[in-house]
Amino acid sequence: AKYLTNLGKDSMKKDELNKSMQYLSKANGYDSDYPAANFYIGNLYMKIQDYELAIESYRKGLGSKIKTGNYKILYLLASSYQRLGNLDKAKEFFEYSLNNKTSYTKARFALANVLYSQQNYDESKQYLLEIIENESSYIKAYELLVNLFSDTKDYNQAREYSARGIDVNPKSYFLYSQLAFLDNERQ
């Protein structure tokens, strides 16, 4: 199973998706509970945008460690739920991922994004501010904060985080466009 999983992984890197699926399916035939094979099958399904099958594979790979498993697999599982529009499940699994590795910025941002989508602005803002505090160069956090403050009509805060984000990354064209929008709002 391990040998076939490695062959499947290598085929996936070469974008030979059919061959990859054949290897990984065969690996699963030898050991249906082999976590690595299920993980790569989930990645393959994510790549072809079949999120339901990706979820099934990731959950199978996690087995009984559904809350305490590998933080990256939990993140990918949450991402699959998010892509299907199941924000409650996405939130749940992003939180599990963060519980297993509190410094995982991608999961923290993804959770903030889900909370923003659910219009839970206060909690979303809290996660975004934590990201900026710990990793000030994470430009996506500034961009989402600007959207959040614009949506809540707190244009002064939106302007402040646009400027701070531009200081961090002067090539953030999104933040420049947001500044233009804010200037239009102020006329």
# chains A, B, ... in the order shown; residues from 1 in each chain; ligands from 1

call {"tool": "select_by_dssp", "arguments": {"residues": "stretch 30-118 of chain A", "states": "helix (DSSP H, G or I)", "output": "PyMOL selection string"}}
result
chain A and resi 30+35-47+51-62+71-83+87-100+105-117

call {"tool": "residues_around", "arguments": {"residues": "stretch 23-35 of chain A", "least_positions_apart": "2", "cutoff": "8 Å", "atoms": "only C-alpha atoms", "output": "JSON, numbers by chain"}}
result
{"A": [1, 2, 3, 4, 5, 7, 8, 19, 20, 21, 37, 38, 39, 40, 41, 60, 61, 62, 63]}

call {"tool": "closest_residue", "arguments": {"among": "A:Leu182, A:Lys72, A:Leu17, A:Ala107", "to": "A:Lys153", "atoms": "only C-alpha atoms"}}
result
A:Leu182

call {"tool": "atom_distance", "arguments": {"atom1": "atom CA of A:Ser79", "atom2": "atom CA of A:Phe94"}}
result
8.1 Å

call {"tool": "residues_around", "arguments": {"residues": "A:Asn147", "least_positions_apart": "3", "cutoff": "12 Å", "atoms": "only C-alpha atoms", "output": "ChimeraX atom specification"}}
result
/A:113,116-117,119,121,124-125,128,140-144,150-155,157-159,161-162,174-175,177-179,181-182

call {"tool": "atom_distance", "arguments": {"atom1": "atom CA of A:Tyr138", "atom2": "atom CA of A:Glu123"}}
result
18.2 Å

call {"tool": "closest_atom_pairs", "arguments": {"of": "stretch 73-97 of chain A", "to": "stretch 46-54 of chain A", "cutoff": "12 Å", "atoms": "only C-alpha atoms", "output": "JSON lines"}}
result
{"residue": "A:Ile73", "atom": "CA", "partner": "A:Ala54", "partner_atom": "CA", "distance": 10.7}
{"residue": "A:Leu74", "atom": "CA", "partner": "A:Ala54", "partner_atom": "CA", "distance": 11.7}
{"residue": "A:Leu76", "atom": "CA", "partner": "A:Met46", "partner_atom": "CA", "distance": 8.7}
{"residue": "A:Leu77", "atom": "CA", "partner": "A:Ala54", "partner_atom": "CA", "distance": 7.5}
{"residue": "A:Ala78", "atom": "CA", "partner": "A:Tyr51", "partner_atom": "CA", "distance": 10.4}
{"residue": "A:Ser79", "atom": "CA", "partner": "A:Tyr51", "partner_atom": "CA", "distance": 8.8}
{"residue": "A:Ser80", "atom": "CA", "partner": "A:Tyr51", "partner_atom": "CA", "distance": 5.2}
{"residue": "A:Tyr81", "atom": "CA", "partner": "A:Tyr51", "partner_atom": "CA", "distance": 7.3}
{"residue": "A:Gln82", "atom": "CA", "partner": "A:Tyr51", "partner_atom": "CA", "distance": 9.3}
{"residue": "A:Arg83", "atom": "CA", "partner": "A:Tyr51", "partner_atom": "CA", "distance": 7.2}
{"residue": "A:Leu84", "atom": "CA", "partner": "A:Tyr51", "partner_atom": "CA", "distance": 6.8}
{"residue": "A:Gly85", "atom": "CA", "partner": "A:Tyr51", "partner_atom": "CA", "distance": 10.5}
{"residue": "A:Asn86", "atom": "CA", "partner": "A:Glu52", "partner_atom": "CA", "distance": 11.1}

call {"tool": "write_last_selection", "arguments": {"atoms": "N, CA, C and O atoms", "output": "compact mmCIF listing (two decimals), in the first residue's frame"}}
result
# COMPACT_ATOMS: atom_id res chain seq x y z
N ILE A 73 -4.62 17.87 7.32
CA ILE A 73 -5.74 17.09 6.78
C ILE A 73 -7.06 17.68 7.28
O ILE A 73 -8.02 17.81 6.52
N LEU A 74 -7.10 18.08 8.54
CA LEU A 74 -8.30 18.72 9.08
C LEU A 74 -8.59 20.03 8.33
O LEU A 74 -9.74 20.35 8.05
N LEU A 76 -7.76 20.68 5.18
CA LEU A 76 -8.26 20.33 3.85
C LEU A 76 -9.70 19.82 3.91
O LEU A 76 -10.52 20.11 3.03
N LEU A 77 -10.02 19.08 4.96
CA LEU A 77 -11.39 18.62 5.16
C LEU A 77 -12.33 19.82 5.33
O LEU A 77 -13.39 19.89 4.70
N ALA A 78 -11.91 20.77 6.16
CA ALA A 78 -12.70 21.98 6.36
C ALA A 78 -12.85 22.76 5.06
O ALA A 78 -13.94 23.26 4.75
N SER A 79 -11.79 22.84 4.29
CA SER A 79 -11.83 23.55 3.00
C SER A 79 -12.83 22.89 2.05
O SER A 79 -13.53 23.58 1.30
N SER A 80 -12.89 21.57 2.08
CA SER A 80 -13.86 20.86 1.24
C SER A 80 -15.29 21.21 1.64
O SER A 80 -16.15 21.46 0.79
N TYR A 81 -15.53 21.22 2.95
CA TYR A 81 -16.87 21.61 3.42
C TYR A 81 -17.18 23.05 3.01
O TYR A 81 -18.30 23.36 2.61
N GLN A 82 -16.18 23.92 3.12
CA GLN A 82 -16.38 25.32 2.76
C GLN A 82 -16.75 25.45 1.28
O GLN A 82 -17.64 26.21 0.91
N ARG A 83 -16.07 24.70 0.44
CA ARG A 83 -16.35 24.77 -1.00
C ARG A 83 -17.74 24.26 -1.33
O ARG A 83 -18.34 24.68 -2.33
N LEU A 84 -18.26 23.37 -0.50
CA LEU A 84 -19.62 22.88 -0.70
C LEU A 84 -20.67 23.81 -0.09
O LEU A 84 -21.87 23.58 -0.21
N GLY A 85 -20.19 24.84 0.63
CA GLY A 85 -21.12 25.79 1.24
C GLY A 85 -21.60 25.39 2.61
O GLY A 85 -22.48 26.04 3.17
N ASN A 86 -21.03 24.33 3.19
CA ASN A 86 -21.41 23.90 4.54
C ASN A 86 -20.49 24.62 5.53
O ASN A 86 -19.49 24.07 6.00

call {"tool": "atom_distance", "arguments": {"atom1": "atom CA of A:Ile66", "atom2": "atom CA of A:Asn6"}}
result
24.0 Å
